[in-house]
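Peer 1: My file is my_file10.txt. It has compact mmCIF, C-alpha atoms:
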```txt
# COMPACT_ATOMS: atom_id res chain seq x y z
CA MET L 1 -65.65 -14.58 -21.77
CA SER L 2 -65.34 -12.29 -24.78
CA GLU L 3 -66.71 -12.76 -28.29
CA ALA L 4 -63.11 -12.92 -29.53
CA LEU L 5 -62.29 -15.81 -27.20
CA LEU L 6 -65.53 -17.51 -28.20
CA ASP L 7 -64.59 -17.32 -31.87
CA GLU L 8 -61.06 -18.53 -31.16
CA GLY L 9 -62.51 -21.50 -29.29
CA ILE L 10 -64.60 -22.37 -32.31
CA ASP L 11 -62.30 -21.57 -35.20
CA ASN L 12 -58.77 -22.03 -33.88
CA TYR L 13 -58.76 -23.84 -30.56
CA ALA L 14 -56.26 -26.53 -31.59
CA ALA L 15 -53.50 -24.05 -32.43
CA SER L 16 -54.46 -21.41 -29.89
CA GLU L 17 -52.29 -20.66 -26.86
CA ARG L 18 -55.33 -19.34 -24.99
CA PHE L 19 -56.74 -22.79 -24.19
CA THR L 20 -55.37 -25.48 -21.92
CA ALA L 21 -54.83 -29.04 -23.12
CA ALA L 22 -57.94 -30.06 -21.13
CA GLU L 23 -60.04 -27.36 -22.78
CA LYS L 24 -58.76 -28.34 -26.21
CA VAL L 25 -59.75 -31.99 -25.82
CA ALA L 26 -63.21 -30.97 -24.55
CA LEU L 27 -63.65 -28.66 -27.54
CA ARG L 28 -62.49 -31.47 -29.81
CA TYR L 29 -65.08 -33.81 -28.24
CA SER L 30 -67.75 -31.24 -29.03
CA GLU L 31 -66.57 -30.85 -32.61
CA LEU L 32 -66.10 -34.54 -33.38
CA MET L 33 -69.42 -35.72 -32.00
CA SER L 34 -71.07 -33.62 -34.67
CA VAL L 35 -68.77 -33.81 -37.67
CA ASN L 36 -66.73 -37.00 -37.32
CA PRO L 37 -68.10 -39.31 -34.61
CA ASP L 38 -66.07 -42.28 -35.84
CA VAL L 39 -62.97 -40.58 -34.41
CA VAL L 40 -64.47 -40.61 -30.92
CA ASP L 41 -62.99 -44.01 -30.10
CA ALA L 42 -61.23 -45.71 -27.20
CA ALA L 43 -58.02 -43.79 -27.88
CA PHE L 44 -59.90 -40.51 -27.79
CA PHE L 45 -61.44 -41.47 -24.46
CA ASP L 46 -57.98 -42.28 -23.11
CA GLU L 47 -57.04 -38.71 -24.02
CA LEU L 48 -60.20 -37.33 -22.36
CA ARG L 49 -59.40 -39.29 -19.19
CA LYS L 50 -56.02 -37.62 -18.89
CA HIS L 51 -57.91 -34.42 -18.09
CA TYR L 52 -61.40 -35.36 -16.90
CA SER L 53 -63.02 -37.84 -14.54
CA ASP L 54 -65.59 -40.28 -15.89
CA ASN L 55 -68.30 -38.18 -14.21
CA GLU L 56 -67.07 -35.05 -15.97
CA ILE L 57 -66.94 -36.86 -19.32
CA VAL L 58 -70.60 -37.87 -18.90
CA GLU L 59 -71.48 -34.27 -18.06
CA LEU L 60 -69.65 -33.04 -21.16
CA GLY L 61 -71.01 -35.73 -23.48
CA ALA L 62 -74.64 -35.28 -22.48
CA PHE L 63 -74.28 -31.50 -22.76
CA ILE L 64 -72.78 -31.80 -26.23
CA GLY L 65 -75.44 -34.26 -27.40
CA PHE L 66 -78.24 -32.05 -26.14
CA ASN L 67 -76.83 -28.99 -27.90
CA LEU L 68 -76.08 -30.90 -31.09
CA GLY L 69 -79.71 -31.93 -31.36
CA TYR L 70 -81.38 -28.69 -30.39
CA HIS L 71 -79.18 -26.31 -32.36
CA THR L 72 -79.98 -28.23 -35.52
CA PHE L 73 -83.71 -28.21 -34.73
CA PHE L 74 -83.79 -24.52 -33.79
CA GLY L 75 -81.78 -23.71 -36.91
CA THR L 76 -84.64 -25.03 -39.03
CA LEU L 77 -87.10 -22.71 -37.26
CA LYS L 78 -85.27 -19.57 -38.43
CA PHE L 79 -85.55 -17.62 -35.20
CA TYR L 80 -84.62 -13.95 -35.26
CA PRO L 81 -83.62 -11.90 -32.21
CA LEU L 82 -86.57 -10.85 -30.06
CA PHE L 83 -85.11 -7.39 -29.50
CA SER L 84 -83.95 -4.66 -31.87
CA PRO L 85 -80.45 -3.23 -31.43
CA ASP L 86 -81.95 -0.39 -29.36
CA GLY L 87 -83.72 -2.83 -27.06
CA ARG L 88 -87.30 -2.81 -28.41
CA LEU L 89 -89.31 -6.04 -28.40
CA VAL L 90 -90.01 -6.69 -32.09
CA SER L 91 -91.97 -9.18 -34.16
CA GLN L 92 -90.14 -11.89 -36.09
CA ALA L 93 -91.05 -10.13 -39.35
CA GLU L 94 -89.58 -6.82 -38.15
CA SER L 95 -86.56 -8.59 -36.71
CA GLU L 96 -85.87 -10.25 -40.04
CA LYS L 97 -85.90 -6.81 -41.69
CA LEU L 98 -83.55 -5.44 -39.04
CA TYR L 99 -81.07 -8.26 -38.99
CA GLY L 100 -81.23 -9.47 -42.59
CA THR L 101 -80.84 -13.04 -43.72
CA ALA L 102 -78.46 -14.07 -40.94
CA PRO L 103 -79.19 -13.53 -37.25
CA ALA L 104 -76.66 -11.18 -35.65
CA SER L 105 -75.67 -13.93 -33.23
CA LEU L 106 -74.23 -15.88 -36.16
CA LYS L 107 -72.10 -12.98 -37.40
CA LYS L 108 -68.57 -12.16 -36.33
CA PRO L 109 -68.45 -9.66 -33.47
CA GLU L 110 -67.24 -6.81 -35.69
CA ALA L 111 -70.25 -7.25 -37.98
CA ALA L 112 -72.71 -7.70 -35.14
CA GLU L 113 -71.77 -4.52 -33.30
CA MET M 1 -71.09 -52.30 -22.57
CA SER M 2 -69.79 -48.70 -22.50
CA ARG M 3 -66.51 -46.78 -22.35
CA ILE M 4 -67.84 -45.18 -19.19
CA ALA M 5 -68.84 -47.69 -16.53
CA PRO M 6 -72.45 -47.23 -15.38
CA LEU M 7 -72.99 -46.76 -11.66
CA PRO M 8 -74.37 -49.77 -9.83
CA LEU M 9 -78.07 -49.28 -9.16
CA ASP M 10 -77.55 -49.49 -5.41
CA ALA M 11 -75.11 -46.58 -5.61
CA ILE M 12 -77.89 -44.32 -6.96
CA THR M 13 -79.61 -42.87 -3.94
CA ASP M 14 -81.79 -40.15 -5.52
CA PRO M 15 -85.32 -41.62 -5.30
CA GLU M 16 -86.53 -39.52 -8.24
CA LEU M 17 -83.77 -40.82 -10.49
CA ARG M 18 -84.34 -44.39 -9.34
CA ALA M 19 -88.06 -44.05 -10.13
CA LEU M 20 -87.27 -42.70 -13.61
CA ILE M 21 -84.83 -45.56 -14.26
CA ALA M 22 -87.55 -48.00 -13.20
CA GLU M 23 -90.02 -46.22 -15.51
CA GLY M 24 -87.56 -46.62 -18.38
CA GLU M 25 -87.20 -50.31 -17.64
CA VAL M 26 -90.98 -50.73 -17.91
CA LEU M 27 -91.16 -48.78 -21.17
CA GLY M 28 -87.99 -50.41 -22.50
CA VAL M 29 -86.48 -47.11 -23.66
CA PRO M 30 -84.07 -46.28 -22.18
CA ASN M 31 -83.16 -49.38 -20.25
CA ASP M 32 -81.23 -48.99 -17.02
CA LEU M 33 -77.85 -48.52 -18.73
CA PHE M 34 -78.57 -44.95 -19.84
CA GLY M 35 -79.85 -43.90 -16.43
CA ARG M 36 -76.91 -45.50 -14.64
CA ILE M 37 -74.47 -43.67 -16.93
CA VAL M 38 -76.08 -40.23 -16.67
CA ALA M 39 -76.31 -40.76 -12.91
CA ARG M 40 -72.63 -39.82 -12.97
CA ALA M 41 -73.78 -36.26 -13.69
CA PRO M 42 -76.39 -35.95 -10.93
CA GLU M 43 -77.47 -32.41 -11.77
CA GLN M 44 -78.33 -33.50 -15.33
CA ALA M 45 -79.53 -37.04 -14.75
CA VAL M 46 -83.12 -36.40 -13.63
CA PRO M 47 -83.99 -33.80 -16.29
CA LEU M 48 -82.36 -35.92 -19.01
CA MET M 49 -84.25 -39.05 -17.98
CA ARG M 50 -87.51 -37.16 -17.56
CA ALA M 51 -87.21 -35.48 -20.98
CA LEU M 52 -86.30 -38.74 -22.70
CA LEU M 53 -89.29 -40.58 -21.23
CA MET M 54 -91.86 -37.79 -21.52
CA SER M 55 -90.96 -36.79 -25.07
CA HIS M 56 -91.30 -40.41 -26.20
CA ALA M 57 -94.21 -41.85 -24.23
CA GLN M 58 -96.36 -38.76 -23.63
CA GLY M 59 -97.71 -35.93 -25.75
CA ASN M 60 -100.21 -35.61 -28.58
CA VAL M 61 -98.53 -37.60 -31.33
CA ASP M 62 -99.02 -41.36 -31.79
CA HIS M 63 -96.44 -43.25 -29.73
CA LYS M 64 -95.96 -45.89 -32.44
CA LEU M 65 -95.03 -43.22 -34.96
CA LYS M 66 -92.53 -41.68 -32.52
CA GLU M 67 -91.04 -45.12 -31.87
CA ILE M 68 -90.41 -45.58 -35.61
CA MET M 69 -88.90 -42.07 -35.78
CA ARG M 70 -86.69 -42.80 -32.79
CA ILE M 71 -85.32 -45.99 -34.36
CA LEU M 72 -84.86 -44.26 -37.74
CA LEU M 73 -82.75 -41.63 -35.98
CA ALA M 74 -80.75 -44.18 -33.96
CA ARG M 75 -79.91 -46.12 -37.11
CA PHE M 76 -78.84 -42.90 -38.84
CA ALA M 77 -76.76 -41.95 -35.78
CA ASN M 78 -75.21 -45.43 -35.91
CA ASP M 79 -75.96 -45.72 -32.22
CA LYS M 80 -76.11 -49.42 -31.41
CA TYR M 81 -77.50 -48.84 -27.93
CA PHE M 82 -80.72 -46.95 -28.68
CA ALA M 83 -81.19 -48.70 -32.05
CA SER M 84 -81.46 -52.04 -30.27
CA LEU M 85 -84.05 -50.93 -27.70
CA ARG M 86 -87.77 -51.28 -28.28
CA SER M 87 -90.74 -49.62 -26.61
CA ASN M 88 -92.88 -52.22 -24.86
CA LYS M 89 -95.78 -49.78 -25.06
CA ALA M 90 -95.48 -49.49 -28.86
CA ARG M 91 -95.16 -53.25 -29.15
CA ALA M 92 -98.32 -53.71 -27.09
CA MET M 93 -100.04 -51.24 -29.43
CA GLY M 94 -99.18 -53.53 -32.33
CA LEU M 95 -95.97 -52.08 -33.72
CA THR M 96 -93.93 -54.83 -35.39
CA GLU M 97 -90.31 -55.03 -36.58
CA THR M 98 -91.57 -55.21 -40.15
CA ARG M 99 -93.48 -51.96 -39.70
CA ILE M 100 -90.44 -50.33 -38.08
CA ASP M 101 -88.28 -51.31 -41.06
CA GLU M 102 -90.90 -50.03 -43.48
CA GLY M 103 -91.02 -46.74 -41.57
CA CYS M 104 -87.26 -46.40 -41.59
CA PHE M 105 -86.52 -47.44 -45.16
CA ALA M 106 -89.68 -47.21 -47.27
CA TYR M 107 -92.08 -44.75 -45.67
CA GLU M 108 -92.62 -42.88 -48.94
CA ASP M 109 -93.62 -46.07 -50.75
CA ASP M 110 -97.40 -45.74 -51.09
CA SER M 111 -97.83 -49.50 -50.92
CA LYS M 112 -96.65 -49.45 -47.30
CA GLY M 113 -99.75 -47.56 -46.24
CA PHE M 114 -98.33 -44.68 -44.22
CA SER M 115 -100.67 -41.68 -44.14
CA GLU M 116 -99.50 -38.37 -45.60
CA ALA M 117 -99.19 -37.00 -42.04
CA GLU M 118 -97.00 -39.93 -41.02
CA LYS M 119 -94.86 -39.62 -44.15
CA CYS M 120 -94.33 -35.95 -43.43
CA ALA M 121 -93.32 -36.62 -39.82
CA LEU M 122 -90.95 -39.42 -40.85
CA ARG M 123 -89.43 -37.16 -43.47
CA TYR M 124 -88.96 -34.51 -40.77
CA ALA M 125 -86.92 -37.00 -38.73
CA ASP M 126 -85.10 -38.26 -41.80
CA LEU M 127 -83.99 -34.82 -42.96
CA MET M 128 -83.20 -33.10 -39.65
CA PHE M 129 -79.61 -34.39 -39.46
CA LEU M 130 -79.20 -35.50 -43.06
CA ASP M 131 -80.05 -32.25 -44.80
CA ALA M 132 -81.60 -29.67 -42.48
CA ALA M 133 -81.57 -27.09 -45.30
CA GLN M 134 -84.55 -28.94 -46.79
CA LEU M 135 -86.56 -28.17 -43.66
CA ASP M 136 -87.48 -24.78 -45.00
CA LYS M 137 -90.65 -22.69 -44.93
CA ALA M 138 -92.26 -24.83 -47.61
CA PHE M 139 -91.58 -27.97 -45.59
CA TYR M 140 -93.03 -26.45 -42.41
CA ASP M 141 -96.05 -25.23 -44.37
CA ARG M 142 -96.62 -28.81 -45.50
CA MET M 143 -96.20 -30.07 -41.94
CA LYS M 144 -98.88 -27.58 -40.83
CA THR M 145 -101.40 -29.15 -43.19
CA TYR M 146 -101.25 -32.34 -41.10
CA TRP M 147 -100.04 -31.30 -37.66
CA SER M 148 -100.79 -28.46 -35.26
CA GLU M 149 -97.92 -26.12 -34.32
CA ALA M 150 -97.89 -27.73 -30.88
CA GLN M 151 -97.49 -31.16 -32.45
CA ILE M 152 -94.72 -29.90 -34.74
CA MET M 153 -92.85 -28.55 -31.71
CA GLU M 154 -93.44 -31.84 -29.93
CA LEU M 155 -92.02 -33.74 -32.91
CA GLY M 156 -89.09 -31.37 -33.47
CA ALA M 157 -88.06 -31.39 -29.82
CA PHE M 158 -88.44 -35.18 -29.72
CA ILE M 159 -86.22 -35.59 -32.77
CA ALA M 160 -83.58 -33.16 -31.47
CA PHE M 161 -83.40 -34.60 -27.98
CA HIS M 162 -83.35 -38.28 -28.90
CA TYR M 163 -80.79 -37.79 -31.65
CA GLY M 164 -78.58 -35.82 -29.28
CA MET M 165 -78.69 -38.57 -26.67
CA GLN M 166 -78.10 -41.19 -29.36
CA MET M 167 -74.94 -39.38 -30.49
CA PHE M 168 -73.84 -39.15 -26.87
CA MET M 169 -74.32 -42.90 -26.33
CA ARG M 170 -72.59 -43.62 -29.63
CA SER M 171 -69.60 -41.61 -28.45
CA LEU M 172 -69.45 -43.91 -25.41
CA GLY M 173 -69.53 -46.99 -27.63
CA ALA M 174 -72.53 -48.11 -25.56
CA LYS M 175 -74.42 -51.30 -26.33
CA ALA M 176 -77.41 -52.78 -24.60
CA ALA M 177 -76.67 -56.09 -22.92
CA GLY M 178 -78.08 -59.23 -24.48
```
As structure tokens, what does this structure read like?
Peer 2:
Amino acid sequence: MSEALLDEGIDNYAASERFTAAEKVALRYSELMSVNPDVVDAAFFDELRKHYSDNEIVELGAFIGFNLGYHTFFGTLKFYPLFSPDGRLVSQAESEKLYGTAPASLKKPEAAE
Amino acid sequence: MSRIAPLPLDAITDPELRALIAEGEVLGVPNDLFGRIVARAPEQAVPLMRALLMSHAQGNVDHKLKEIMRILLARFANDKYFASLRSNKARAMGLTETRIDEGCFAYEDDSKGFSEAEKCALRYADLMFLDAAQLDKAFYDRMKTYWSEAQIMELGAFIAFHYGMQMFMRSLGAKAAG
């Protein structure tokens, strides 16, 4: 798993040739539960079932729900990386100075490296 | 009842999961439907059930307040399953439907008698998924005037976890029977 593939899975999975139809519908489930849950209807589940068992859909759905909740919560806490780019354990105040207003993990790979 | 059929109880053989499902039935949240659905993902089922029950019924924040917050979140999530459930423990402690509605829709109205600490906690739940940008340093500083950092983490984790499971159950179109 590369950062480039990660970004493509977030920003361009629907049009990408690097993801299977099963992966695309799982990524769409993840996206829709957060931004447009009304679209997650019976027809969408029929599409999910073409690729996943009911057990796998439960695994995916619970995973997505958990992450949806906690990423929003953690986002409000404004965590900064615990380590500096050279591997030192740093305080949150020092980390904020090092990484600026946006944590490196939220930047594109080119900017983070 | 749900787009994903729950497992029959007698098909769930893990004694720990069965005990947690029974615990949920006693509390009333979640009822057996949630446990029988997540039982389809056995590696996740026990920790999910345990976290749901512990975050709601244990800890150092008033259970009645957390029950109001949970229902506020379920209504916002438009999750018919969790919104329809009620904690028997909170009910036994005196929480009424009228108080729940006041907590969901009018908690900032001084005439409703919520303390400043309760208002702040309800606002925390209200804003988390409506406008998280408002949960800034100033908001957390205000929270700290009423709640310890441990209580704030307890509340934040409670809000995040319950809302996440509510969105999951909404995606299944789940409804409690009856």
Peer 1: Return the neighbours of chain M among the residues of chain L, cut-off 12 Å, counting all atoms listed in the file, as a PyMOL selection string.
Peer 2: chain L and resi 29-46+48-49+52-78
Peer 1: Please produce a file of those selected residues containing C-alpha atoms, as a JSON list (two decimals), keeping the file's coordinate frame.
Peer 2:
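Generated file (out13.json):
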```
[["chain", "number", "residue", "atom", "x", "y", "z"],
["L", 29, "TYR", "CA", -65.08, -33.81, -28.24],
["L", 30, "SER", "CA", -67.75, -31.24, -29.03],
["L", 31, "GLU", "CA", -66.57, -30.85, -32.61],
["L", 32, "LEU", "CA", -66.10, -34.54, -33.38],
["L", 33, "MET", "CA", -69.42, -35.72, -32.00],
["L", 34, "SER", "CA", -71.07, -33.62, -34.67],
["L", 35, "VAL", "CA", -68.77, -33.81, -37.67],
["L", 36, "ASN", "CA", -66.73, -37.00, -37.32],
["L", 37, "PRO", "CA", -68.10, -39.31, -34.61],
["L", 38, "ASP", "CA", -66.07, -42.28, -35.84],
["L", 39, "VAL", "CA", -62.97, -40.58, -34.41],
["L", 40, "VAL", "CA", -64.47, -40.61, -30.92],
["L", 41, "ASP", "CA", -62.99, -44.01, -30.10],
["L", 42, "ALA", "CA", -61.23, -45.71, -27.20],
["L", 43, "ALA", "CA", -58.02, -43.79, -27.88],
["L", 44, "PHE", "CA", -59.90, -40.51, -27.79],
["L", 45, "PHE", "CA", -61.44, -41.47, -24.46],
["L", 46, "ASP", "CA", -57.98, -42.28, -23.11],
["L", 48, "LEU", "CA", -60.20, -37.33, -22.36],
["L", 49, "ARG", "CA", -59.40, -39.29, -19.19],
["L", 52, "TYR", "CA", -61.40, -35.36, -16.90],
["L", 53, "SER", "CA", -63.02, -37.84, -14.54],
["L", 54, "ASP", "CA", -65.59, -40.28, -15.89],
["L", 55, "ASN", "CA", -68.30, -38.18, -14.21],
["L", 56, "GLU", "CA", -67.07, -35.05, -15.97],
["L", 57, "ILE", "CA", -66.94, -36.86, -19.32],
["L", 58, "VAL", "CA", -70.60, -37.87, -18.90],
["L", 59, "GLU", "CA", -71.48, -34.27, -18.06],
["L", 60, "LEU", "CA", -69.65, -33.04, -21.16],
["L", 61, "GLY", "CA", -71.01, -35.73, -23.48],
["L", 62, "ALA", "CA", -74.64, -35.28, -22.48],
["L", 63, "PHE", "CA", -74.28, -31.50, -22.76],
["L", 64, "ILE", "CA", -72.78, -31.80, -26.23],
["L", 65, "GLY", "CA", -75.44, -34.26, -27.40],
["L", 66, "PHE", "CA", -78.24, -32.05, -26.14],
["L", 67, "ASN", "CA", -76.83, -28.99, -27.90],
["L", 68, "LEU", "CA", -76.08, -30.90, -31.09],
["L", 69, "GLY", "CA", -79.71, -31.93, -31.36],
["L", 70, "TYR", "CA", -81.38, -28.69, -30.39],
["L", 71, "HIS", "CA", -79.18, -26.31, -32.36],
["L", 72, "THR", "CA", -79.98, -28.23, -35.52],
["L", 73, "PHE", "CA", -83.71, -28.21, -34.73],
["L", 74, "PHE", "CA", -83.79, -24.52, -33.79],
["L", 75, "GLY", "CA", -81.78, -23.71, -36.91],
["L", 76, "THR", "CA", -84.64, -25.03, -39.03],
["L", 77, "LEU", "CA", -87.10, -22.71, -37.26],
["L", 78, "LYS", "CA", -85.27, -19.57, -38.43]]
```
Peer 1: Report the distance between CA of Tyr81 in chain M and CA of Glu118 in chain M in Å, rounded to one decimal place.
Peer 2: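 Distance between the two atoms: 25.1 Å.
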Peer 1: Just the number, please: distance in Å from CA of Ile100 in chain M to CA of Glu67 in chain M, one decimal.
Peer 2: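 Those two atoms sit 8.1 Å apart.
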Peer 1: Would you please work out which residue, of L:Ser84, L:Leu89, L:Lys50, L:Phe79, is nearest to Ala21 in chain L when using all atoms listed in the file?
Peer 2: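 Ranking L:Ser84, L:Leu89, L:Lys50, L:Phe79 by distance to Ala21 in chain L, first place goes to L:Lys50.
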Peer 1: Just the residues within 9 Å of range 26-34 of chain M, please, counting only C-alpha atoms, with nothing from its chain fewer than 3 positions along; format it as an NGL selection string.
Peer 2: :M and (1-2 or 6-7 or 9 or 21-23 or 37-39 or 49 or 52-53 or 56-57 or 82 or 85-90 or 169 or 174-177)
Peer 1: Kindly save the residues from that selection, with C-alpha atoms included, as a CSV table (one decimal), in the coordinates of the input.
Peer 2:
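Okay, this is what ended up in out.csv:
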```csv
chain,number,residue,atom,x,y,z
M,1,MET,CA,-71.1,-52.3,-22.6
M,2,SER,CA,-69.8,-48.7,-22.5
M,6,PRO,CA,-72.4,-47.2,-15.4
M,7,LEU,CA,-73.0,-46.8,-11.7
M,9,LEU,CA,-78.1,-49.3,-9.2
M,21,ILE,CA,-84.8,-45.6,-14.3
M,22,ALA,CA,-87.6,-48.0,-13.2
M,23,GLU,CA,-90.0,-46.2,-15.5
M,37,ILE,CA,-74.5,-43.7,-16.9
M,38,VAL,CA,-76.1,-40.2,-16.7
M,39,ALA,CA,-76.3,-40.8,-12.9
M,49,MET,CA,-84.2,-39.0,-18.0
M,52,LEU,CA,-86.3,-38.7,-22.7
M,53,LEU,CA,-89.3,-40.6,-21.2
M,56,HIS,CA,-91.3,-40.4,-26.2
M,57,ALA,CA,-94.2,-41.8,-24.2
M,82,PHE,CA,-80.7,-47.0,-28.7
M,85,LEU,CA,-84.0,-50.9,-27.7
M,86,ARG,CA,-87.8,-51.3,-28.3
M,87,SER,CA,-90.7,-49.6,-26.6
M,88,ASN,CA,-92.9,-52.2,-24.9
M,89,LYS,CA,-95.8,-49.8,-25.1
M,90,ALA,CA,-95.5,-49.5,-28.9
M,169,MET,CA,-74.3,-42.9,-26.3
M,174,ALA,CA,-72.5,-48.1,-25.6
M,175,LYS,CA,-74.4,-51.3,-26.3
M,176,ALA,CA,-77.4,-52.8,-24.6
M,177,ALA,CA,-76.7,-56.1,-22.9
```
Peer 1: Can you list, as a PyMOL selection string, every protein, DNA or RNA residue that comes within 12 Å of Tyr107 in chain M when you count all atoms listed in the file, leaving out same-chain residues fewer than 6 positions away?
Peer 2: chain M and resi 65+68-69+72+98-101+113-126
Peer 1: Interatomic distance between CA of Ser84 in chain M and CA of Leu127 in chain M?
Peer 2: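 Between CA of Ser84 in chain M and CA of Leu127 in chain M the gap is 21.5 Å.
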Peer 1: Have a look at M:Ala74, M:Ala83, M:Leu155, M:Ala19 and name the one nearest to Met143 in chain M; count all atoms listed in the file.
Peer 2: M:Leu155
Peer 1: Once 5 Å is added on each side, what are the centre and the three edge lengths, in Å to one decimal, of the axis-aligned box enclosing the listed atoms of range 40-56 of chain L? Present them as lines of an AutoDock Vina configuration file.
Peer 2:
```
center_x = -62.2
center_y = -40.1
center_z = -22.6
size_x = 22.3
size_y = 21.3
size_z = 26.7
```
Peer 1: I need the residue nearest Arg18 in chain L from this list: L:Ala93, L:Leu82, L:Leu98, L:Met1. Use only C-alpha atoms for the distance.
Peer 2: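 Among the listed residues, L:Met1 lies closest to Arg18 in chain L.
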